[in-house]
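Participant: File follows, coords17.tsv with TSV, C-alpha atoms and all ligand atoms:
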```tsv
chain	number	residue	atom	x	y	z
V	1	MET	CA	0.00	0.00	0.00
V	2	ILE	CA	1.40	3.39	-1.03
V	3	ILE	CA	0.37	6.33	1.17
V	4	PRO	CA	1.56	9.88	1.79
V	5	GLU	CA	4.25	10.11	4.46
V	6	THR	CA	3.17	11.67	7.76
V	7	PRO	CA	5.31	12.71	10.77
V	8	GLU	CA	4.66	9.34	12.40
V	9	HIS	CA	6.68	7.72	9.58
V	10	PHE	CA	9.72	10.00	9.94
V	11	ASP	CA	11.74	7.71	12.23
V	12	ALA	CA	11.01	4.63	10.14
V	13	VAL	CA	11.91	6.43	6.91
V	14	ARG	CA	15.20	7.55	8.45
V	15	GLN	CA	16.05	4.01	9.57
V	16	LEU	CA	15.05	2.57	6.19
V	17	THR	CA	17.11	5.14	4.29
V	18	ILE	CA	20.23	4.53	6.37
V	19	GLU	CA	19.92	0.74	6.00
V	20	VAL	CA	19.21	0.80	2.25
V	21	PHE	CA	22.06	3.12	1.31
V	22	ALA	CA	24.51	1.37	3.65
V	23	ALA	CA	23.80	-1.77	1.60
V	24	SER	CA	24.02	0.05	-1.73
V	25	THR	CA	26.97	1.11	-3.85
V	26	LEU	CA	24.95	4.16	-4.89
V	27	GLY	CA	24.46	7.40	-3.06
V	28	HIS	CA	26.69	9.26	-0.67
V	29	HIS	CA	25.21	7.92	2.60
V	30	GLY	CA	23.97	11.36	3.61
V	31	GLU	CA	20.50	10.62	2.22
V	32	ALA	CA	18.76	10.41	5.61
V	33	ASP	CA	19.99	13.90	6.51
V	34	LEU	CA	19.10	15.15	3.05
V	35	ILE	CA	15.49	14.05	3.62
V	36	VAL	CA	15.34	15.95	6.93
V	37	ALA	CA	16.80	19.08	5.29
V	38	LEU	CA	14.30	18.91	2.45
V	39	ARG	CA	11.38	18.55	4.85
V	40	GLN	CA	12.60	21.66	6.65
V	41	ARG	CA	13.73	23.85	3.78
V	42	CYS	CA	11.97	22.87	0.57
V	43	GLU	CA	8.57	24.44	0.09
V	44	HIS	CA	7.18	21.84	-2.34
V	45	THR	CA	7.78	18.16	-1.71
V	46	LEU	CA	5.89	14.93	-2.29
V	47	SER	CA	6.84	12.13	0.04
V	48	LEU	CA	5.26	8.68	-0.15
V	49	VAL	CA	5.81	5.50	1.82
V	50	ALA	CA	5.18	1.87	0.92
V	51	MET	CA	3.60	-0.01	3.84
V	52	GLU	CA	3.54	-3.73	4.42
V	53	ASP	CA	2.12	-5.19	7.64
V	54	GLU	CA	2.08	-1.66	9.09
V	55	ARG	CA	5.82	-1.36	8.47
V	56	VAL	CA	7.52	1.16	6.18
V	57	VAL	CA	9.33	-0.90	3.51
V	58	GLY	CA	9.81	1.80	0.89
V	59	HIS	CA	10.01	5.54	0.52
V	60	ILE	CA	10.19	8.07	-2.29
V	61	LEU	CA	10.72	11.79	-2.17
V	62	PHE	CA	10.14	14.40	-4.85
V	63	SER	CA	11.24	17.99	-4.25
V	64	GLN	CA	11.04	21.21	-6.17
V	65	ALA	CA	13.52	21.59	-9.01
V	66	GLU	CA	13.92	24.07	-11.82
V	67	ILE	CA	15.32	24.40	-15.30
V	68	ARG	CA	17.07	27.64	-16.06
V	69	GLU	CA	17.19	28.42	-19.73
V	70	PRO	CA	20.34	29.55	-21.53
V	71	ASP	CA	19.01	33.06	-22.12
V	72	LEU	CA	18.67	33.45	-18.37
V	73	LEU	CA	22.26	32.39	-17.96
V	74	ALA	CA	23.23	34.93	-20.59
V	75	THR	CA	21.98	37.71	-18.34
V	76	GLN	CA	24.89	36.85	-16.04
V	77	CYS	CA	22.36	36.94	-13.26
V	78	PRO	CA	20.75	33.54	-12.85
V	79	THR	CA	18.29	34.83	-10.25
V	80	LEU	CA	16.61	36.99	-12.91
V	81	GLY	CA	13.90	35.70	-15.22
V	82	THR	CA	11.47	32.86	-14.85
V	83	PRO	CA	12.78	29.31	-14.64
V	84	ILE	CA	10.56	26.33	-15.43
V	85	PHE	CA	9.56	24.65	-12.19
V	86	GLY	CA	9.18	20.93	-11.80
V	87	MET	CA	10.25	18.22	-9.39
V	88	GLY	CA	13.35	16.16	-8.72
V	89	LEU	CA	13.06	12.51	-7.67
V	90	ALA	CA	15.53	11.64	-4.90
V	91	PRO	CA	16.12	9.78	-2.83
V	92	MET	CA	14.15	6.57	-3.20
V	93	SER	CA	14.66	3.39	-1.22
V	94	VAL	CA	13.15	-0.04	-0.83
V	95	HIS	CA	14.31	-2.28	1.98
V	96	PRO	CA	16.77	-4.92	0.68
V	97	SER	CA	14.45	-7.69	1.90
V	98	HIS	CA	11.67	-6.29	-0.31
V	99	GLN	CA	13.55	-5.24	-3.46
V	100	ARG	CA	12.68	-6.56	-6.94
V	101	ARG	CA	9.04	-7.14	-6.04
V	102	GLY	CA	7.69	-4.08	-7.79
V	103	ILE	CA	7.49	-1.81	-4.74
V	104	GLY	CA	9.91	0.75	-6.20
V	105	SER	CA	7.88	0.82	-9.41
V	106	MET	CA	4.67	1.38	-7.47
V	107	LEU	CA	6.26	4.29	-5.59
V	108	VAL	CA	7.49	5.91	-8.80
V	109	LYS	CA	4.18	5.43	-10.65
V	110	GLU	CA	2.06	6.68	-7.75
V	111	GLY	CA	4.30	9.72	-7.29
V	112	LEU	CA	4.32	10.62	-10.98
V	113	GLN	CA	0.55	10.19	-11.23
V	114	ARG	CA	-0.03	12.53	-8.29
V	115	LEU	CA	2.38	15.08	-9.75
V	116	ASP	CA	0.76	14.82	-13.20
V	117	GLU	CA	-2.62	15.53	-11.63
V	118	LEU	CA	-1.15	18.65	-10.01
V	119	GLY	CA	0.08	19.89	-13.41
V	120	ASN	CA	3.76	19.27	-12.69
V	121	ARG	CA	5.77	20.28	-15.78
V	122	PHE	CA	8.70	17.88	-15.49
V	123	THR	CA	10.44	15.41	-13.22
V	124	ILE	CA	14.18	14.83	-13.22
V	125	VAL	CA	16.10	11.91	-11.78
V	126	ALA	CA	19.66	10.61	-11.73
V	127	GLY	CA	19.89	6.85	-11.64
V	128	HIS	CA	19.84	3.44	-13.26
V	129	PRO	CA	19.55	3.85	-17.07
V	130	GLU	CA	17.63	0.59	-17.40
V	131	TYR	CA	15.13	1.47	-14.65
V	132	TYR	CA	13.74	4.98	-15.11
V	133	PRO	CA	12.89	4.90	-18.87
V	134	ARG	CA	10.10	2.41	-18.07
V	135	PHE	CA	8.25	5.26	-16.31
V	136	GLY	CA	8.52	7.72	-19.21
V	137	PHE	CA	11.87	9.23	-18.32
V	138	ARG	CA	14.16	9.99	-21.27
V	139	PRO	CA	17.82	10.98	-21.27
V	140	ALA	CA	17.85	14.67	-20.34
V	141	GLN	CA	20.37	15.14	-23.14
V	142	GLU	CA	17.45	14.58	-25.59
V	143	PHE	CA	16.04	17.87	-24.31
V	144	SER	CA	19.49	19.54	-24.18
V	145	VAL	CA	19.03	19.73	-20.42
V	146	SER	CA	21.99	19.02	-18.17
V	147	HIS	CA	22.62	18.82	-14.44
V	148	GLY	CA	25.27	20.84	-12.61
V	149	PHE	CA	26.76	18.27	-10.24
V	150	GLN	CA	30.50	18.04	-10.65
V	151	GLY	CA	31.77	14.53	-11.30
V	152	MET	CA	28.38	12.98	-12.13
V	153	PRO	CA	28.05	11.79	-15.75
V	154	GLN	CA	25.29	13.40	-17.79
V	155	ASP	CA	24.17	10.03	-19.22
V	156	VAL	CA	22.62	8.92	-15.91
V	157	PHE	CA	20.43	12.01	-15.85
V	158	PHE	CA	16.82	11.69	-17.02
V	159	LEU	CA	13.84	13.95	-17.59
V	160	ARG	CA	10.18	13.10	-17.86
V	161	PRO	CA	7.97	15.87	-19.22
V	162	GLY	CA	4.55	16.33	-17.66
V	163	PRO	CA	1.64	14.91	-19.66
V	164	SER	CA	0.59	18.19	-21.24
V	165	GLN	CA	4.10	19.45	-21.74
V	166	ASP	CA	5.39	20.27	-25.19
V	167	ASP	CA	8.94	18.86	-25.56
V	168	ASP	CA	10.03	22.12	-27.20
V	169	VAL	CA	9.66	23.99	-23.94
V	170	PHE	CA	12.86	22.31	-22.77
V	171	SER	CA	14.99	23.79	-25.51
V	172	GLY	CA	18.14	23.52	-23.51
V	173	GLY	CA	19.00	24.56	-20.03
V	174	ARG	CA	20.53	23.65	-16.74
V	175	ALA	CA	18.44	21.70	-14.24
V	176	HIS	CA	18.84	22.48	-10.58
V	177	TYR	CA	17.67	20.44	-7.64
V	178	HIS	CA	16.96	22.28	-4.37
V	179	SER	CA	20.12	23.82	-2.92
V	180	VAL	CA	20.20	21.27	-0.07
V	181	PHE	CA	21.46	18.78	-2.68
V	182	GLY	CA	24.70	20.76	-2.71
V	183	PRO	CA	26.62	22.87	-5.19
V	184	GLN	CA	25.33	22.78	-8.77
V	185	HIS	CA	27.14	24.72	-11.46
V	186	GLU	CA	25.27	27.09	-13.71
V	187	ALA	CA	27.09	26.16	-16.89
Y	201	LIG	C1	16.30	1.22	-6.86
Y	201	LIG	C2	15.25	0.62	-5.91
Y	201	LIG	C3	14.50	1.73	-5.20
Y	201	LIG	C4	14.28	-0.19	-6.77
Y	201	LIG	O1	13.26	-0.70	-5.92
Y	201	LIG	P1	12.60	-2.13	-6.22
Y	201	LIG	O2	11.40	-2.25	-5.37
Y	201	LIG	O3	13.65	-3.16	-6.08
Y	201	LIG	O4	12.22	-1.93	-7.75
Y	201	LIG	P2	11.19	-2.80	-8.61
Y	201	LIG	O5	10.97	-4.11	-7.99
Y	201	LIG	O6	10.03	-1.95	-8.93
Y	201	LIG	O7	12.00	-2.92	-9.95
Y	201	LIG	C5	13.12	-3.79	-9.99
Y	201	LIG	C6	14.04	-3.23	-11.02
Y	201	LIG	O8	14.88	-2.27	-10.43
Y	201	LIG	C7	16.10	-2.25	-11.13
Y	201	LIG	N1	17.12	-2.30	-10.12
Y	201	LIG	C8	16.97	-2.49	-8.81
Y	201	LIG	N2	18.15	-2.42	-8.18
Y	201	LIG	C9	19.05	-2.21	-9.14
Y	201	LIG	C10	20.45	-2.05	-9.12
Y	201	LIG	N3	21.16	-2.11	-7.99
Y	201	LIG	N4	21.05	-1.82	-10.29
Y	201	LIG	C11	20.36	-1.76	-11.43
Y	201	LIG	N5	19.02	-1.90	-11.50
Y	201	LIG	C12	18.39	-2.12	-10.37
Y	201	LIG	C13	16.13	-3.43	-12.04
Y	201	LIG	O9	15.93	-2.94	-13.34
Y	201	LIG	C14	14.96	-4.25	-11.60
Y	201	LIG	O10	14.32	-4.80	-12.69
Y	201	LIG	P3	14.35	-6.39	-12.84
Y	201	LIG	O11	13.88	-6.95	-11.52
Y	201	LIG	O12	13.41	-6.58	-13.97
Y	201	LIG	O13	15.77	-6.72	-13.13
Y	201	LIG	C15	15.88	-0.32	-4.86
Y	201	LIG	O14	16.64	-1.28	-5.53
Y	201	LIG	C16	16.77	0.42	-3.88
Y	201	LIG	O15	16.32	0.89	-2.85
Y	201	LIG	N6	18.08	0.46	-4.20
Y	201	LIG	C17	19.07	1.11	-3.32
Y	201	LIG	C18	18.90	2.61	-3.27
Y	201	LIG	C19	18.87	3.25	-4.63
Y	201	LIG	O16	19.63	2.91	-5.53
Y	201	LIG	N7	17.95	4.23	-4.80
Y	201	LIG	C20	17.78	4.90	-6.08
Y	201	LIG	C21	18.68	6.08	-6.20
Y	201	LIG	S1	18.22	7.39	-5.09
```
Could you render the structure as structure tokens?
Facilitator:
Amino acid sequence: MIIPETPEHFDAVRQLTIEVFAASTLGHHGEADLIVALRQRCEHTLSLVAMEDERVVGHILFSQAEIREPDLLATQCPTLGTPIFGMGLAPMSVHPSHQRRGIGSMLVKEGLQRLDELGNRFTIVAGHPEYYPRFGFRPAQEFSVSHGFQGMPQDVFFLRPGPSQDDDVFSGGRAHYHSVFGPQHEA
């Protein structure tokens, strides 16, 4: 069962996140703190939990992201102008004992459906190239959109336009997650 996260899930989500990323080669192992910081500092988030026998076995978090277009960068003042707002998917975790049973897919699908219904314009994610395309994500490079994290390859970065979104709107630009994700270069 996928339900919105409430404060009573916070401790379980923290424990789950620490356990999952400790067992994973991915991530930087600061994900549990990142979730806390996003709850505190990011205005728009969507956080869902997967419950089994009243236990949290999965979690997904979406937080506000934006794409700044090249002409905004050309102003030399990236805070000017109007970026395109969307959401960034991260982090996501399913307990190792419950992985590969479709729980991660249910979390992604439920989250994207809720965001689509709210008119979300795009979702970005960095992750497994064989996993995210099944939910409508395409390489962000197809939209000439890049991320600004130093050292992270661009080919693990994906973008899914919202259902009513014209692909042309993403005619190049730099995607930014919320600043709690750390430094992201403009160009
Ligand atoms: C990624 C993750 C959330 C997927 O959850 P899940 O419930 O296992 O996912 P599903 O059962 O819906 O889908 C399984 C698919 O996930 C993909 N997958 C899962 N773990 C993977 C891994 N380590 N490497 C590559 N692909 C992986 C596979 O494509 C798999 O498909 P298959 O079973 O047909 O081979 C889960 O494996 C996890 O928590 N991993 C550790 C943390 C992480 O990487 N989070 C994502 C980045 S923030």
Participant: Which residue, V:Met106, V:Val145, V:Gln113, V:Arg68, has the smallest gap to V:Met51 when you use all atoms listed in the file?
Facilitator: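 Smallest separation from V:Met51 among the options: V:Met106.
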Participant: Please, which residues are within 6 Å of (9.2, 18.0, -7.8) by the file's coordinates, counting all atoms listed in the file, and could they come as a list in words?
Facilitator: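 It turns out the residues near that spot are Phe62, Ser63, Gln64, Ala65, Gly86, Met87 and Gly88 of chain V.
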Participant: Residues at most 9 Å from ligand LIG 201 (chain Y), using all atoms listed in the file? Could they come as a PDB file with C-alpha atoms, keeping the file's coordinate frame?
Facilitator:
```
ATOM      1  CA  THR V  17      17.110   5.140   4.290  1.00  0.00           C
ATOM      2  CA  VAL V  20      19.210   0.800   2.250  1.00  0.00           C
ATOM      3  CA  PHE V  21      22.060   3.120   1.310  1.00  0.00           C
ATOM      4  CA  ALA V  22      24.510   1.370   3.650  1.00  0.00           C
ATOM      5  CA  ALA V  23      23.800  -1.770   1.600  1.00  0.00           C
ATOM      6  CA  SER V  24      24.020   0.050  -1.730  1.00  0.00           C
ATOM      7  CA  THR V  25      26.970   1.110  -3.850  1.00  0.00           C
ATOM      8  CA  LEU V  26      24.950   4.160  -4.890  1.00  0.00           C
ATOM      9  CA  GLY V  27      24.460   7.400  -3.060  1.00  0.00           C
ATOM     10  CA  GLU V  31      20.500  10.620   2.220  1.00  0.00           C
ATOM     11  CA  GLY V  58       9.810   1.800   0.890  1.00  0.00           C
ATOM     12  CA  HIS V  59      10.010   5.540   0.520  1.00  0.00           C
ATOM     13  CA  ILE V  60      10.190   8.070  -2.290  1.00  0.00           C
ATOM     14  CA  LEU V  89      13.060  12.510  -7.670  1.00  0.00           C
ATOM     15  CA  ALA V  90      15.530  11.640  -4.900  1.00  0.00           C
ATOM     16  CA  PRO V  91      16.120   9.780  -2.830  1.00  0.00           C
ATOM     17  CA  MET V  92      14.150   6.570  -3.200  1.00  0.00           C
ATOM     18  CA  SER V  93      14.660   3.390  -1.220  1.00  0.00           C
ATOM     19  CA  VAL V  94      13.150  -0.040  -0.830  1.00  0.00           C
ATOM     20  CA  HIS V  95      14.310  -2.280   1.980  1.00  0.00           C
ATOM     21  CA  PRO V  96      16.770  -4.920   0.680  1.00  0.00           C
ATOM     22  CA  HIS V  98      11.670  -6.290  -0.310  1.00  0.00           C
ATOM     23  CA  GLN V  99      13.550  -5.240  -3.460  1.00  0.00           C
ATOM     24  CA  ARG V 100      12.680  -6.560  -6.940  1.00  0.00           C
ATOM     25  CA  ARG V 101       9.040  -7.140  -6.040  1.00  0.00           C
ATOM     26  CA  GLY V 102       7.690  -4.080  -7.790  1.00  0.00           C
ATOM     27  CA  ILE V 103       7.490  -1.810  -4.740  1.00  0.00           C
ATOM     28  CA  GLY V 104       9.910   0.750  -6.200  1.00  0.00           C
ATOM     29  CA  SER V 105       7.880   0.820  -9.410  1.00  0.00           C
ATOM     30  CA  MET V 106       4.670   1.380  -7.470  1.00  0.00           C
ATOM     31  CA  LEU V 107       6.260   4.290  -5.590  1.00  0.00           C
ATOM     32  CA  VAL V 108       7.490   5.910  -8.800  1.00  0.00           C
ATOM     33  CA  VAL V 125      16.100  11.910 -11.780  1.00  0.00           C
ATOM     34  CA  ALA V 126      19.660  10.610 -11.730  1.00  0.00           C
ATOM     35  CA  GLY V 127      19.890   6.850 -11.640  1.00  0.00           C
ATOM     36  CA  HIS V 128      19.840   3.440 -13.260  1.00  0.00           C
ATOM     37  CA  PRO V 129      19.550   3.850 -17.070  1.00  0.00           C
ATOM     38  CA  GLU V 130      17.630   0.590 -17.400  1.00  0.00           C
ATOM     39  CA  TYR V 131      15.130   1.470 -14.650  1.00  0.00           C
ATOM     40  CA  TYR V 132      13.740   4.980 -15.110  1.00  0.00           C
TER      41      TYR V 132
END
```
Participant: Between V:His9, V:Lys109, V:Arg14, V:His147, which has the minimum distance to V:Phe181 (counting only C-alpha atoms)?
Facilitator: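 Smallest separation from V:Phe181 among the options: V:His147.
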Participant: Using 4 Å of padding on each side, determine the axis-aligned box around all atoms of stretch 8-27 of chain V present in the file and give its centre and edge lengths in Å to one decimal, as JSON.
Facilitator:
```
{"center_x": 15.8, "center_y": 4.1, "center_z": 3.8, "size_x": 30.3, "size_y": 19.8, "size_z": 25.3}
```
Participant: Record the distance separating atom CA of V:Ser47 and atom CA of V:Glu19, expressed in Å with one decimal.
Facilitator: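 Between atom CA of V:Ser47 and atom CA of V:Glu19 the gap is 18.3 Å.
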Participant: Quote the spacing between atom CA of V:Gln154 and atom CA of V:Gln141 in Å to one decimal place.
Facilitator: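 Atom CA of V:Gln141 lies at a distance of 7.5 Å from atom CA of V:Gln154.
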Participant: Provide the atom CA of V:Arg138 to atom CA of V:Phe170 distance in Å, to one decimal place.
Facilitator: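 A separation of 12.5 Å between them.
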